[in-house]
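J.: Just one file: query39.cif, with mmCIF, C-alpha atoms.
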data_model
loop_
_atom_site.label_atom_id
_atom_site.label_comp_id
_atom_site.auth_asym_id
_atom_site.auth_seq_id
_atom_site.Cartn_x
_atom_site.Cartn_y
_atom_site.Cartn_z
CA MET S 338 -85.91 -76.85 -7.73
CA THR S 339 -86.36 -75.31 -4.30
CA MET S 340 -83.36 -73.94 -2.43
CA THR S 341 -82.56 -74.77 1.17
CA PRO S 342 -83.36 -71.95 3.67
CA ARG S 343 -79.64 -71.16 4.07
CA LEU S 344 -79.01 -70.92 0.35
CA ARG S 345 -82.22 -68.92 -0.08
CA LYS S 346 -81.04 -66.31 2.45
CA LEU S 347 -77.65 -66.10 0.73
CA ALA S 348 -79.26 -65.63 -2.70
CA LEU S 349 -81.66 -63.05 -1.28
CA THR S 350 -78.77 -61.11 0.31
CA ALA S 351 -76.90 -61.14 -3.02
CA HIS S 352 -80.00 -59.97 -4.89
CA VAL S 353 -80.83 -57.15 -2.46
CA THR S 354 -77.19 -56.00 -2.36
CA SER S 355 -76.79 -55.90 -6.14
CA SER S 356 -80.21 -54.34 -6.78
CA VAL S 357 -79.96 -51.61 -4.14
CA GLY S 358 -76.31 -51.06 -5.13
CA TRP S 359 -77.46 -50.56 -8.73
CA LEU S 360 -80.05 -48.01 -7.56
CA GLY S 361 -77.40 -46.10 -5.57
CA ALA S 362 -74.96 -46.20 -8.48
CA VAL S 363 -77.62 -44.77 -10.82
CA ALA S 364 -78.26 -41.95 -8.32
CA SER S 365 -74.52 -41.15 -8.31
CA PHE S 366 -74.48 -41.32 -12.11
CA LEU S 367 -77.39 -38.87 -12.24
CA ALA S 368 -75.45 -36.40 -10.06
CA LEU S 369 -72.48 -36.66 -12.45
CA ALA S 370 -74.75 -36.27 -15.48
CA VAL S 371 -76.34 -33.11 -14.04
CA ALA S 372 -72.88 -31.69 -13.22
CA GLY S 373 -71.68 -32.52 -16.75
CA LEU S 374 -74.71 -30.87 -18.31
CA THR S 375 -74.85 -27.70 -16.25
CA SER S 376 -71.23 -26.83 -15.41
CA ARG S 377 -69.39 -24.07 -17.27
CA ASP S 378 -66.04 -25.47 -16.17
CA ALA S 379 -64.55 -27.50 -19.07
CA GLN S 380 -62.35 -29.57 -16.74
CA LEU S 381 -65.30 -30.51 -14.58
CA VAL S 382 -67.38 -31.45 -17.63
CA ARG S 383 -64.58 -33.67 -18.96
CA ALA S 384 -64.10 -35.30 -15.55
CA ALA S 385 -67.84 -35.94 -15.23
CA TYR S 386 -68.10 -37.70 -18.62
CA LEU S 387 -64.93 -39.74 -18.06
CA THR S 388 -66.23 -40.84 -14.65
CA MET S 389 -69.65 -41.66 -16.13
CA GLU S 390 -68.06 -43.97 -18.68
CA LEU S 391 -66.02 -45.75 -15.99
CA THR S 392 -69.06 -45.98 -13.72
CA GLY S 393 -71.06 -47.46 -16.56
CA TRP S 394 -68.58 -50.19 -17.43
CA PHE S 395 -67.32 -51.11 -13.97
CA ILE S 396 -70.24 -50.43 -11.62
CA LEU S 397 -73.61 -50.08 -13.40
CA LEU S 398 -73.22 -52.95 -15.86
CA PRO S 399 -71.83 -55.53 -13.36
CA LEU S 400 -74.50 -54.60 -10.80
CA ALA S 401 -77.27 -54.78 -13.42
CA LEU S 402 -76.17 -58.23 -14.56
CA ALA S 403 -75.71 -59.41 -10.95
CA SER S 404 -79.19 -58.13 -10.07
CA LEU S 405 -80.69 -59.95 -13.06
CA LEU S 406 -78.87 -63.23 -12.38
CA THR S 407 -79.53 -63.28 -8.62
CA GLY S 408 -83.16 -62.32 -9.28
CA LEU S 409 -83.56 -65.26 -11.68
CA LEU S 410 -81.92 -67.57 -9.13
CA GLN S 411 -84.10 -66.22 -6.34
CA SER S 412 -87.37 -66.65 -8.22
CA LEU S 413 -86.59 -70.02 -9.78
CA GLY S 414 -85.20 -71.40 -6.50
CA THR S 415 -88.34 -70.59 -4.51
CA THR S 416 -92.04 -71.19 -5.09
CA TRP S 417 -92.39 -67.52 -6.08
CA GLY S 418 -91.48 -68.64 -9.59
CA LEU S 419 -90.62 -66.35 -12.48
CA VAL S 420 -94.04 -65.75 -14.05
CA ARG S 421 -96.47 -66.87 -11.32
CA HIS S 422 -96.92 -63.55 -9.52
CA TYR S 423 -97.46 -60.25 -11.32
CA TRP S 424 -95.01 -58.36 -9.11
CA VAL S 425 -92.19 -60.82 -9.91
CA LEU S 426 -93.04 -60.65 -13.62
CA PHE S 427 -93.02 -56.81 -13.61
CA LYS S 428 -89.71 -56.77 -11.74
CA LEU S 429 -88.24 -59.16 -14.28
CA LEU S 430 -89.43 -57.00 -17.20
CA ILE S 431 -88.06 -53.83 -15.56
CA ASN S 432 -84.72 -55.53 -14.89
CA VAL S 433 -84.38 -56.94 -18.41
CA LEU S 434 -85.44 -53.65 -20.05
CA ALA S 435 -83.08 -51.54 -17.91
CA THR S 436 -80.17 -53.92 -18.56
CA ILE S 437 -80.74 -53.96 -22.34
CA VAL S 438 -81.01 -50.15 -22.51
CA LEU S 439 -77.86 -49.85 -20.38
CA LEU S 440 -75.96 -52.25 -22.64
CA LEU S 441 -76.99 -50.27 -25.73
CA TYR S 442 -76.35 -46.92 -24.06
CA MET S 443 -72.77 -47.89 -23.19
CA GLN S 444 -71.92 -47.18 -26.85
CA THR S 445 -73.05 -43.57 -26.41
CA LEU S 446 -71.26 -43.27 -23.08
CA SER S 447 -68.05 -44.59 -24.63
CA SER S 448 -68.18 -42.07 -27.47
CA LEU S 449 -68.82 -39.25 -24.98
CA GLY S 450 -65.91 -40.56 -22.89
CA ASP S 451 -63.65 -40.59 -25.98
CA VAL S 452 -64.41 -36.92 -26.66
CA ALA S 453 -63.86 -36.03 -23.00
CA ALA S 454 -60.50 -37.85 -23.02
CA ARG S 455 -59.07 -35.60 -25.77
CA THR S 456 -56.34 -33.36 -24.52
CA THR S 457 -57.59 -30.58 -26.77
CA LEU S 458 -61.25 -29.80 -26.48
CA SER S 459 -62.95 -27.24 -28.71
CA SER S 460 -66.05 -25.35 -27.69
CA ASP S 461 -67.92 -27.50 -30.24
CA ASP S 462 -66.68 -30.62 -28.46
CA LEU S 463 -67.84 -29.19 -25.18
CA GLY S 464 -71.25 -28.42 -26.69
CA ALA S 465 -71.54 -31.98 -27.99
CA LEU S 466 -70.56 -33.35 -24.59
CA GLN S 467 -73.15 -31.32 -22.75
CA SER S 468 -76.05 -33.45 -23.93
CA PRO S 469 -79.16 -33.95 -21.78
CA SER S 470 -79.21 -37.62 -22.80
CA PRO S 471 -77.30 -39.04 -19.76
CA VAL S 472 -79.56 -37.06 -17.38
CA LEU S 473 -82.72 -38.35 -19.09
CA HIS S 474 -81.51 -41.96 -19.18
CA ALA S 475 -80.33 -41.89 -15.55
CA ALA S 476 -83.59 -40.28 -14.35
CA ALA S 477 -85.66 -42.89 -16.21
CA ALA S 478 -83.48 -45.70 -14.82
CA LEU S 479 -83.81 -44.30 -11.30
CA LEU S 480 -87.60 -44.21 -11.63
CA LEU S 481 -87.75 -47.78 -12.97
CA LEU S 482 -85.47 -49.13 -10.24
CA LEU S 483 -87.49 -47.33 -7.54
CA VAL S 484 -90.65 -48.97 -8.88
CA ALA S 485 -88.87 -52.35 -8.80
CA THR S 486 -87.80 -51.74 -5.19
CA VAL S 487 -91.34 -50.81 -4.15
CA LEU S 488 -92.67 -53.96 -5.84
CA ALA S 489 -90.07 -56.09 -4.04
CA VAL S 490 -90.91 -54.64 -0.64
CA TYR S 491 -94.73 -54.51 -0.89
CA LYS S 492 -95.16 -57.65 -3.01
CA PRO S 493 -98.67 -56.66 -4.15
CA ARG S 494 -101.01 -59.60 -4.53
CA GLY S 495 -102.09 -60.98 -7.85
CA MET S 496 -101.24 -64.23 -9.62
CA THR S 497 -100.94 -64.69 -13.34
CA ARG S 498 -103.14 -67.29 -15.08
CA TYR S 499 -100.12 -69.57 -15.25
CA GLY S 500 -99.50 -69.10 -11.51
CA GLN S 501 -103.13 -69.87 -10.68
CA ARG S 502 -103.05 -73.00 -12.84
CA ARG S 503 -99.83 -74.19 -11.18
CA LEU S 504 -101.32 -73.54 -7.75
CA ARG S 505 -104.43 -75.56 -8.61
CA GLU S 506 -102.25 -78.39 -9.91
CA GLN S 507 -100.14 -78.40 -6.75
CA ARG S 508 -103.21 -78.44 -4.52
CA GLY S 509 -104.70 -81.20 -6.62
CA LEU S 510 -101.63 -83.33 -6.02
CA ARG S 511 -101.73 -82.87 -2.25
CA MET M 258 -103.36 -60.49 4.79
CA ALA M 259 -103.82 -64.11 5.81
CA ASP M 260 -103.84 -65.29 2.19
CA MET M 261 -100.57 -63.59 1.27
CA PRO M 262 -97.69 -65.84 0.20
CA ASP M 263 -94.79 -66.38 2.55
CA PRO M 264 -92.40 -63.42 1.94
CA ASP M 265 -89.35 -65.70 1.82
CA THR M 266 -90.53 -68.66 -0.16
CA GLY M 267 -93.65 -67.52 -1.97
CA ASP M 268 -95.68 -70.42 -0.54
CA VAL M 269 -99.36 -69.53 -0.84
CA PRO M 270 -101.70 -70.60 1.98
CA ASP M 271 -104.46 -72.97 0.92
CA ARG M 272 -107.19 -70.47 0.09
CA GLY M 273 -109.03 -69.86 -3.12
CA SER M 274 -107.40 -67.24 -5.33
CA THR M 275 -109.29 -64.73 -7.41
CA ALA M 276 -109.12 -65.05 -11.19
CA LEU M 277 -109.54 -61.27 -11.62
CA THR M 278 -106.56 -59.21 -12.71
CA PRO M 279 -105.69 -56.78 -9.89
CA LEU M 280 -106.23 -53.06 -10.48
CA TRP M 281 -102.55 -52.22 -9.97
CA VAL M 282 -101.61 -54.66 -12.76
CA LYS M 283 -104.04 -52.98 -15.17
CA LEU M 284 -102.64 -49.56 -14.16
CA PHE M 285 -99.06 -50.70 -14.74
CA GLY M 286 -100.08 -52.17 -18.09
CA ILE M 287 -101.68 -48.89 -19.22
CA ILE M 288 -98.62 -46.86 -18.13
CA ALA M 289 -96.28 -49.27 -19.96
CA LEU M 290 -98.45 -49.05 -23.09
CA VAL M 291 -98.41 -45.22 -23.00
CA VAL M 292 -94.60 -45.20 -22.59
CA VAL M 293 -94.18 -47.59 -25.55
CA LEU M 294 -96.54 -45.47 -27.70
CA VAL M 295 -94.65 -42.26 -26.86
CA PHE M 296 -91.39 -44.03 -27.76
CA VAL M 297 -92.83 -45.24 -31.08
CA VAL M 298 -94.15 -41.72 -31.88
CA PHE M 299 -90.66 -40.32 -31.20
CA LEU M 300 -89.17 -42.89 -33.57
CA LEU M 301 -91.75 -42.27 -36.31
CA THR M 302 -91.52 -38.48 -36.13
CA GLY M 303 -87.81 -38.76 -36.86
CA ARG M 304 -86.60 -37.26 -33.62
CA GLY M 305 -84.38 -40.27 -33.43
CA HIS M 306 -83.42 -42.40 -30.50
CA GLY M 307 -80.95 -45.16 -30.03
CA PRO M 308 -77.34 -45.87 -29.19
CA GLY M 309 -75.04 -43.09 -30.27
CA ARG M 310 -77.89 -41.03 -31.73
CA HIS M 311 -78.30 -38.57 -28.92
CA THR M 312 -74.87 -37.09 -28.50
CA GLY M 313 -74.87 -33.44 -29.42
CA ALA M 314 -77.42 -31.33 -31.19
CA GLY M 315 -76.78 -32.99 -34.54
CA GLY M 316 -78.24 -36.32 -33.50
CA GLY M 317 -75.07 -38.18 -32.74
CA HIS M 318 -72.38 -36.29 -34.62
CA ILE M 319 -69.51 -35.34 -32.42
CA PRO M 320 -67.43 -32.74 -34.20
CA PRO M 321 -63.67 -33.24 -34.33
CA SER M 322 -61.48 -31.18 -32.08
CA GLY M 323 -60.60 -27.99 -33.92
CA HIS M 324 -58.70 -25.74 -31.63
CA MET M 325 -57.45 -25.40 -28.09
CA GLU M 326 -60.01 -24.40 -25.53
CA GLN M 327 -58.67 -22.27 -22.75
CA PRO M 328 -59.98 -23.54 -19.43
#
Can you give me the file's structure in the form of structure tokens?

T.:
Amino acid sequence: MTMTPRLRKLALTAHVTSSVGWLGAVASFLALAVAGLTSRDAQLVRAAYLTMELTGWFILLPLALASLLTGLLQSLGTTWGLVRHYWVLFKLLINVLATIVLLLYMQTLSSLGDVAARTTLSSDDLGALQSPSPVLHAAAALLLLLVATVLAVYKPRGMTRYGQRRLREQRGLR
Amino acid sequence: MADMPDPDTGDVPDRGSTALTPLWVKLFGIIALVVVLVFVVFLLTGRGHGPGRHTGAGGGHIPPSGHMEQP
């Protein structure tokens, strides 16, 4: 199924918006994670972890799913295909991996948010909150999404065996 | 760059394509393999990783609130 040029532009706009939005949201999340890890101010640490949980549920996760869905639509609706070109395949793998890790990590973020939401916070609680885990996850996500962005912009050449076979079949039909 | 696909549609001009795997694909594959191996080593050495397992120094245990912390 090939999309009309108008629909293709709309789908591309949605995909770029959600993907770049996801990248920006991860950068913001990283800033919060660093503040939460390094600050000596208990109120700031609590605020950082509460905001991280909200950001995760209401910004990161919706943008990740939107990026994945619009990416699937974009590749299946054009002759780029999903597994014909290596750069599309790598982007798909990065997107799926990052979304799965995010979905699993939301459990950790929620438990950190629960601790941060307590009105009484012991120094032990504060120590447990100040984990390097959000910083590491956000930094890894940022790196992965930057790689995906570079792949999308440069579109390095290289077709998979399946892509080459499909191309030969199409040319054979013409 | 004449044999590059159309950036919008992915249509490939009618030119023979190479069957060789590009160098950048091999490089990405090696990096991905190394990352997976490091992850597996972390799992096998018992350092633990996974949802809820990296909160706090105790590998996921968040101690209950004991007393009031003065801000």

J.: Check which residues satisfy the PyMOL selection byres ((chain S and resi 430-435) around 9) in the file shown, then give them as a list in words.

T.: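 This file, filtered by the PyMOL selection byres ((chain S and resi 430-435) around 9), leaves Ala401, Leu402, Ser404, Leu405, Gly408, Val425, Leu426, Phe427, Lys428, Leu429, Thr436, Ile437, Val438, Leu439, Leu440, Ala478, Leu481, Leu482, Val484 and Ala485 of chain S.
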
J.: Evaluate the PyMOL selection byres ((chain S and resi 372) around 12) here and jot the selected residues down as a list in words.

T.: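 This file, filtered by the PyMOL selection byres ((chain S and resi 372) around 12), leaves Ser365, Phe366, Leu367, Ala368, Leu369, Ala370, Val371, Gly373, Leu374, Thr375, Ser376, Arg377, Asp378, Ala379, Gln380, Leu381, Val382, Arg383, Ala384, Ala385, Tyr386, Thr388, Met389, Leu466, Gln467, Ser468, Pro469, Pro471 and Val472 of chain S.
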
J.: Enumerate as a PyMOL selection string the residues belonging to chain S that approach chain M to within 9 Å, with all atoms listed in the file taken into account.

T.: chain S and resi 339+342+345-346+349+378-380+412+414-418+423-424+427+438+441-446+448-449+452+455-462+464-470+492-498+501+504+508

J.: Can you list, as a PyMOL selection string, the residues that the PyMOL selection byres ((chain S and resi 351) around 12) selects here?

T.: chain S and resi 344-350+352-358+400+402-411

J.: To one decimal place in Å, what is the distance between CA of Met340 (chain S) and CA of Gly361 (chain S)?

T.: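 That distance, rounded to one decimal, is 28.6 Å.
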
J.: Between CA of Ala453 (chain S) and CA of Trp394 (chain S), what is the distance in Å, rounded to a tenth?

T.: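 CA of Trp394 (chain S) lies at a distance of 15.9 Å from CA of Ala453 (chain S).
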
J.: Any chance you could build region 452-464 of chain S out to N, CA and C atoms and write it as an mmCIF file, in the coordinates of the input?

T.:
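What landed in out-v5.cif:
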data_model
loop_
_atom_site.group_PDB
_atom_site.id
_atom_site.type_symbol
_atom_site.label_atom_id
_atom_site.label_comp_id
_atom_site.auth_asym_id
_atom_site.auth_seq_id
_atom_site.Cartn_x
_atom_site.Cartn_y
_atom_site.Cartn_z
ATOM 1 N N VAL S 452 -64.526 -38.373 -26.424
ATOM 2 C CA VAL S 452 -64.410 -36.920 -26.660
ATOM 3 C C VAL S 452 -63.838 -36.244 -25.415
ATOM 4 N N ALA S 453 -64.324 -36.653 -24.244
ATOM 5 C CA ALA S 453 -63.860 -36.030 -23.000
ATOM 6 C C ALA S 453 -62.381 -36.317 -22.738
ATOM 7 N N ALA S 454 -61.891 -37.452 -23.274
ATOM 8 C CA ALA S 454 -60.500 -37.850 -23.020
ATOM 9 C C ALA S 454 -59.499 -37.071 -23.867
ATOM 10 N N ARG S 455 -59.990 -36.362 -24.901
ATOM 11 C CA ARG S 455 -59.070 -35.600 -25.770
ATOM 12 C C ARG S 455 -58.359 -34.517 -24.967
ATOM 13 N N THR S 456 -57.094 -34.378 -25.258
ATOM 14 C CA THR S 456 -56.340 -33.360 -24.520
ATOM 15 C C THR S 456 -56.701 -31.957 -24.990
ATOM 16 N N THR S 457 -57.119 -31.876 -26.277
ATOM 17 C CA THR S 457 -57.590 -30.580 -26.770
ATOM 18 C C THR S 457 -59.095 -30.679 -26.984
ATOM 19 N N LEU S 458 -59.789 -29.754 -26.426
ATOM 20 C CA LEU S 458 -61.250 -29.800 -26.480
ATOM 21 C C LEU S 458 -61.768 -28.456 -26.985
ATOM 22 N N SER S 459 -62.410 -28.491 -28.164
ATOM 23 C CA SER S 459 -62.950 -27.240 -28.710
ATOM 24 C C SER S 459 -64.282 -26.913 -28.028
ATOM 25 N N SER S 460 -64.754 -25.717 -28.283
ATOM 26 C CA SER S 460 -66.050 -25.350 -27.690
ATOM 27 C C SER S 460 -67.171 -26.182 -28.320
ATOM 28 N N ASP S 461 -66.944 -26.609 -29.597
ATOM 29 C CA ASP S 461 -67.920 -27.500 -30.240
ATOM 30 C C ASP S 461 -67.973 -28.840 -29.531
ATOM 31 N N ASP S 462 -66.756 -29.356 -29.189
ATOM 32 C CA ASP S 462 -66.680 -30.620 -28.460
ATOM 33 C C ASP S 462 -67.441 -30.519 -27.148
ATOM 34 N N LEU S 463 -67.205 -29.406 -26.480
ATOM 35 C CA LEU S 463 -67.840 -29.190 -25.180
ATOM 36 C C LEU S 463 -69.360 -29.138 -25.338
ATOM 37 N N GLY S 464 -69.803 -28.493 -26.423
ATOM 38 C CA GLY S 464 -71.250 -28.420 -26.690
ATOM 39 C C GLY S 464 -71.839 -29.782 -26.955
#
